[in-house]
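Shown next: start00.txt, containing compact mmCIF, C-alpha atoms.
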# COMPACT_ATOMS: atom_id res chain seq x y z
CA MET I 24 20.32 34.01 -5.51
CA HIS I 25 17.10 35.46 -4.15
CA PHE I 26 13.80 34.04 -5.28
CA PHE I 27 10.36 35.43 -4.45
CA LEU I 28 7.08 33.92 -5.53
CA ASP I 29 4.02 36.16 -5.67
CA LEU I 30 1.49 33.38 -6.14
CA SER I 31 -1.53 35.67 -6.01
CA LYS I 32 -1.21 36.86 -9.60
CA HIS I 33 -0.62 33.32 -10.89
CA LEU I 34 -3.34 31.49 -8.97
CA VAL I 35 -6.10 30.40 -11.32
CA ARG I 36 -9.38 29.59 -9.67
CA PRO I 37 -11.48 26.62 -10.81
CA THR I 38 -13.25 27.33 -14.08
CA LYS I 39 -15.86 25.62 -16.19
CA MET I 40 -12.98 24.14 -18.13
CA GLN I 41 -11.48 22.08 -15.31
CA SER I 42 -12.12 22.16 -11.58
CA PHE I 43 -9.70 21.22 -8.81
CA THR I 44 -11.70 18.05 -8.18
CA GLU I 45 -11.60 17.12 -11.85
CA GLU I 46 -7.83 17.58 -11.84
CA ASN I 47 -7.56 15.26 -8.84
CA TYR I 48 -9.60 12.61 -10.64
CA LEU I 49 -7.47 12.86 -13.76
CA LYS I 50 -4.31 12.45 -11.72
CA ILE I 51 -5.70 9.44 -9.84
CA ILE I 52 -6.79 7.74 -13.07
CA TYR I 53 -3.39 8.43 -14.59
CA HIS I 54 -1.51 6.88 -11.64
CA LEU I 55 -3.82 3.85 -11.51
CA SER I 56 -3.30 3.14 -15.21
CA GLU I 57 0.38 4.14 -15.39
CA ASN I 58 1.86 0.66 -15.10
CA ASN I 59 -0.70 -1.76 -16.55
CA HIS I 60 -2.37 0.47 -19.20
CA GLN I 61 -5.70 -1.24 -18.53
CA PRO I 62 -9.07 0.47 -18.00
CA VAL I 63 -9.44 1.72 -14.44
CA GLN I 64 -12.43 0.48 -12.46
CA THR I 65 -14.66 2.93 -10.60
CA ASN I 66 -14.19 1.07 -7.31
CA ALA I 67 -10.42 1.60 -7.51
CA ILE I 68 -10.96 5.32 -8.12
CA ALA I 69 -13.44 5.53 -5.24
CA GLU I 70 -10.92 3.89 -2.91
CA LYS I 71 -8.16 6.33 -3.87
CA MET I 72 -10.46 9.35 -3.67
CA GLN I 73 -12.02 8.06 -0.44
CA THR I 74 -15.52 8.63 -1.74
CA ARG I 75 -18.60 6.66 -2.82
CA ALA I 76 -18.73 4.81 -6.14
CA ALA I 77 -21.84 6.81 -7.08
CA SER I 78 -19.89 10.06 -6.73
CA VAL I 79 -17.15 8.64 -8.93
CA THR I 80 -19.71 7.70 -11.60
CA ASP I 81 -21.06 11.26 -11.63
CA MET I 82 -17.58 12.72 -12.06
CA ILE I 83 -16.66 10.20 -14.75
CA LYS I 84 -19.65 11.32 -16.80
CA LYS I 85 -18.50 14.96 -16.51
CA LEU I 86 -14.97 14.06 -17.58
CA ALA I 87 -16.31 12.02 -20.49
CA ASP I 88 -18.47 14.96 -21.61
CA LYS I 89 -15.28 17.07 -21.71
CA GLU I 90 -13.55 14.35 -23.76
CA LEU I 91 -10.93 13.83 -21.04
CA ILE I 92 -11.71 10.13 -20.60
CA ASP I 93 -13.26 7.25 -22.51
CA TYR I 94 -15.90 5.54 -20.40
CA LYS I 95 -17.79 2.35 -21.08
CA LYS I 96 -20.18 1.10 -18.43
CA TYR I 97 -18.86 -1.95 -16.54
CA GLN I 98 -15.58 -1.77 -18.47
CA GLY I 99 -13.78 1.03 -16.63
CA VAL I 100 -12.24 4.27 -17.88
CA LYS I 101 -9.22 5.32 -19.92
CA LEU I 102 -7.71 8.76 -20.34
CA THR I 103 -8.00 10.26 -23.80
CA GLU I 104 -4.90 11.94 -25.24
CA LYS I 105 -6.35 15.25 -24.07
CA GLY I 106 -6.96 13.84 -20.58
CA LYS I 107 -3.53 12.22 -20.39
CA LEU I 108 -1.79 15.48 -21.28
CA ALA I 109 -3.83 17.31 -18.63
CA ALA I 110 -2.93 14.66 -16.03
CA ILE I 111 0.79 14.75 -16.90
CA ASN I 112 0.79 18.54 -16.56
CA ILE I 113 -0.65 18.18 -13.05
CA VAL I 114 2.01 15.58 -12.19
CA ARG I 115 4.71 17.91 -13.56
CA ARG I 116 3.54 20.81 -11.40
CA HIS I 117 3.27 18.61 -8.31
CA ARG I 118 6.78 17.18 -8.62
CA LEU I 119 8.42 20.52 -9.40
CA TRP I 120 6.82 22.03 -6.30
CA GLU I 121 8.12 19.11 -4.22
CA VAL I 122 11.65 19.81 -5.45
CA PHE I 123 11.25 23.50 -4.61
CA LEU I 124 9.94 22.75 -1.10
CA VAL I 125 12.83 20.38 -0.31
CA GLU I 126 15.71 22.19 -2.00
CA LYS I 127 14.79 25.81 -1.37
CA LEU I 128 12.57 25.80 1.73
CA ASN I 129 14.29 22.90 3.52
CA PHE I 130 11.23 20.73 3.99
CA LYS I 131 11.90 17.02 4.51
CA TRP I 132 10.86 14.52 1.84
CA ASP I 133 8.06 13.21 4.07
CA GLU I 134 6.55 16.69 4.54
CA VAL I 135 6.02 17.92 0.99
CA HIS I 136 3.33 15.75 -0.59
CA ASP I 137 0.27 17.39 0.96
CA ILE I 138 1.60 20.91 0.35
CA ALA I 139 2.37 20.08 -3.28
CA GLU I 140 -1.17 18.70 -3.60
CA GLU I 141 -2.40 22.26 -3.08
CA LEU I 142 0.26 24.01 -5.16
CA GLU I 143 -0.25 21.70 -8.16
CA HIS I 144 -3.54 23.48 -8.94
CA ILE I 145 -1.75 26.74 -9.79
CA ARG I 146 -2.07 26.64 -13.55
CA SER I 147 0.17 29.48 -14.73
CA ALA I 148 2.38 27.99 -17.44
CA GLU I 149 4.76 30.93 -17.13
CA LEU I 150 5.22 30.37 -13.41
CA ILE I 151 5.91 26.65 -13.84
CA GLU I 152 8.44 27.22 -16.63
CA ARG I 153 10.25 29.82 -14.51
CA LEU I 154 10.17 27.45 -11.54
CA ASP I 155 11.64 24.66 -13.68
CA GLU I 156 14.42 26.96 -14.86
CA PHE I 157 15.10 28.24 -11.33
CA LEU I 158 15.50 24.66 -10.12
CA ALA I 159 17.94 23.93 -13.01
CA PHE I 160 15.49 21.61 -14.81
CA PRO I 161 15.40 18.70 -12.31
CA LYS I 162 14.77 15.23 -13.72
CA ASN I 163 13.40 13.67 -10.52
CA ASP I 164 11.43 14.78 -7.48
CA PRO I 165 12.61 14.18 -3.88
CA HIS I 166 11.09 10.68 -3.94
CA GLY I 167 12.88 9.67 -7.13
CA ASP I 168 9.83 10.01 -9.39
CA PRO I 169 10.64 11.34 -12.89
CA ILE I 170 9.50 14.87 -13.73
CA PRO I 171 8.03 15.22 -17.23
CA ASP I 172 9.22 18.09 -19.39
CA LYS I 173 6.78 20.70 -20.71
CA GLN I 174 5.98 18.46 -23.69
CA GLY I 175 4.98 15.68 -21.29
CA HIS I 176 8.01 13.45 -21.93
CA PHE I 177 9.60 11.46 -19.10
CA ASP I 178 13.19 10.26 -18.81
CA GLN I 179 12.79 6.53 -18.37
CA VAL I 180 15.15 5.01 -15.81
CA PRO I 181 15.13 1.20 -15.45
CA PHE I 182 14.52 0.02 -11.92
CA VAL I 183 13.54 -3.09 -9.99
CA LYS I 184 11.70 -3.45 -6.70
CA LEU I 185 13.95 -4.29 -3.78
CA SER I 186 11.66 -7.26 -3.05
CA LYS I 187 12.64 -8.75 -6.45
CA LEU I 188 16.40 -8.75 -5.84
CA LYS I 189 18.23 -12.02 -5.37
CA LEU I 190 20.89 -12.95 -2.83
CA ARG I 191 24.05 -10.82 -3.24
CA ASP I 192 22.35 -8.47 -5.73
CA HIS I 193 23.12 -4.79 -5.12
CA GLY I 194 22.22 -1.36 -6.49
CA LEU I 195 21.25 2.21 -5.66
CA ILE I 196 18.00 3.35 -4.08
CA MET I 197 16.49 5.51 -6.83
CA GLY I 198 12.92 6.00 -5.70
CA VAL I 199 9.90 4.85 -3.75
CA SER I 200 6.37 3.91 -4.79
CA GLU I 201 4.82 4.73 -1.40
CA HIS I 202 4.78 8.41 -0.48
CA SER I 203 3.05 8.39 2.90
CA SER I 204 4.76 10.38 5.62
CA ALA I 205 4.91 7.32 7.91
CA PHE I 206 6.69 5.23 5.26
CA LEU I 207 9.21 7.94 4.38
CA LYS I 208 9.97 8.62 8.04
CA HIS I 209 10.57 4.88 8.50
CA LEU I 210 13.10 4.85 5.64
CA GLU I 211 14.74 7.99 7.01
CA LYS I 212 15.14 6.29 10.39
CA LEU I 213 16.70 3.25 8.72
CA GLY I 214 19.03 5.44 6.70
CA MET I 215 17.58 4.16 3.44
CA THR I 216 17.34 7.38 1.45
CA LEU I 217 17.87 8.15 -2.24
CA GLY I 218 21.30 7.37 -3.61
CA LYS I 219 22.24 4.86 -0.90
CA ASP I 220 23.92 1.66 -2.07
CA VAL I 221 22.26 -1.55 -0.85
CA LYS I 222 23.30 -5.18 -1.07
CA VAL I 223 21.13 -8.21 -0.26
CA ILE I 224 22.76 -10.33 2.44
CA THR I 225 19.96 -12.68 3.50
CA ILE I 226 16.40 -13.42 2.33
CA THR I 227 14.14 -15.15 4.84
CA GLU I 228 12.05 -17.76 3.02
CA PHE I 229 9.27 -17.78 5.64
CA ASP I 230 8.16 -14.14 5.42
CA GLY I 231 10.24 -12.66 2.63
CA SER I 232 12.05 -10.23 4.91
CA ILE I 233 15.45 -9.09 3.67
CA GLU I 234 18.70 -8.33 5.48
CA LEU I 235 20.67 -5.64 3.69
CA LEU I 236 24.04 -4.03 3.83
CA VAL I 237 23.46 -0.29 3.45
CA GLU I 238 26.79 1.52 3.34
CA GLU I 239 28.43 -0.87 5.84
CA LYS I 240 25.35 -0.96 8.09
CA HIS I 241 23.20 -4.10 8.47
CA ILE I 242 19.48 -3.38 8.13
CA SER I 243 16.46 -5.69 8.02
CA VAL I 244 13.28 -4.77 6.14
CA THR I 245 9.97 -6.57 5.67
CA ARG I 246 8.66 -7.73 2.31
CA GLU I 247 6.00 -4.98 2.50
CA VAL I 248 8.65 -2.28 2.86
CA ALA I 249 10.91 -3.84 0.21
CA LYS I 250 8.22 -3.88 -2.48
CA HIS I 251 7.94 -0.07 -2.29
CA ILE I 252 11.68 0.66 -2.68
CA LEU I 253 12.96 1.07 -6.24
CA ILE I 254 16.52 0.03 -7.07
CA ARG I 255 18.76 0.82 -10.02
CA ILE I 256 21.10 -2.10 -10.55
This structure in structure tokens:
Amino acid sequence: MHFFLDLSKHLVRPTKMQSFTEENYLKIIYHLSENNHQPVQTNAIAEKMQTRAASVTDMIKKLADKELIDYKKYQGVKLTEKGKLAAINIVRRHRLWEVFLVEKLNFKWDEVHDIAEELEHIRSAELIERLDEFLAFPKNDPHGDPIPDKQGHFDQVPFVKLSKLKLRDHGLIMGVSEHSSAFLKHLEKLGMTLGKDVKVITITEFDGSIELLVEEKHISVTREVAKHILIRI
């Protein structure tokens, strides 16, 4: 099957409605609040965006004016329903593009994040729906993260961090929570990619490092690495 993307006619430039930078802020706030559902502090946003807290405050006021976030001084920010839907749509586009880059253009899983960061700002709903269909409606991206459907619903898959497993526990690697190229290359080198079966052989009490059996191969990982690997038991 041949597939050609003419992105020029689908590329939507930043408008007064929502700029590229605003989209990046919404996505960062969404990810920071995804697990604990607590207000996100401006310092945490500044760290993720690699910018000054004053710049974050200025952007937060703009997003609040557009009713994309609720902001109370000194109490952090929360996405409104409108802002959450916008953020999920950005996440959906990003993860679909990652699947496309890996499955159709043969990029490696450690190479696609930065490219998808650019492609996620293409806002054509028609293009994204056709892309989803072309990819046979994938449920997860190349890092195991769930892809929301066009209504913003995720398939929830129970998982546990590798660092939380006990002696002799085993399961499948289903995702990672760290997407840096260096981390993914490290896992690739170890042979710890998605779908691999792992079993805990030894846990070192001193530093929390773990010896694993990964498809008949003995591998040792640090606690820092283990806490970013997601396992389905």
Practice item. Using only C-alpha atoms, find the one residue out of I:Gln64, I:Ser186, I:Asn129, I:Ser203 that sits nearest to Asp230 of chain I. Key: I:Ser186
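Candidate residues I:Leu213, I:Leu158, I:Leu102, I:Ala139 were compared for distance to Lys127 of chain I, and the nearest is I:Leu158, using only C-alpha atoms.
Nearest residue to Glu211 of chain I, choosing from I:His166, I:Lys84, I:Lys107, I:His60 and counting all atoms listed in the file: I:His166.
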Review point. So what do you get for atom CA of Pro169 of chain I versus atom CA of Thr103 of chain I, distance-wise?
Key: 21.6 Å
Padding 4 Å on every side, please: axis-aligned box over the listed atoms of segment 213-232 of chain I, centre and edge lengths to one decimal in Å, as AutoDock Vina command-line options.
--center_x 16.0 --center_y -4.8 --center_z 2.6 --size_x 23.8 --size_y 33.9 --size_z 20.3
Name the residues in contact with Met72 of chain I at a cut-off of 10 Å, using only C-alpha atoms, excluding same-chain residues fewer than 3 positions from it; report them as a PDB file with C-alpha atoms, in the frame of the given file.
ATOM      1  CA  THR I  44     -11.700  18.050  -8.180  1.00  0.00           C
ATOM      2  CA  ASN I  47      -7.560  15.260  -8.840  1.00  0.00           C
ATOM      3  CA  TYR I  48      -9.600  12.610 -10.640  1.00  0.00           C
ATOM      4  CA  ILE I  51      -5.700   9.440  -9.840  1.00  0.00           C
ATOM      5  CA  ASN I  66     -14.190   1.070  -7.310  1.00  0.00           C
ATOM      6  CA  ALA I  67     -10.420   1.600  -7.510  1.00  0.00           C
ATOM      7  CA  ILE I  68     -10.960   5.320  -8.120  1.00  0.00           C
ATOM      8  CA  ALA I  69     -13.440   5.530  -5.240  1.00  0.00           C
ATOM      9  CA  ARG I  75     -18.600   6.660  -2.820  1.00  0.00           C
ATOM     10  CA  ALA I  76     -18.730   4.810  -6.140  1.00  0.00           C
ATOM     11  CA  SER I  78     -19.890  10.060  -6.730  1.00  0.00           C
ATOM     12  CA  VAL I  79     -17.150   8.640  -8.930  1.00  0.00           C
TER      13      VAL I  79
END
**Study point:** Using all atoms listed in the file: which of I:His193, I:Lys131, I:His117, I:Arg246 has the shortest distance to His144 of chain I
**Key:** I:His117
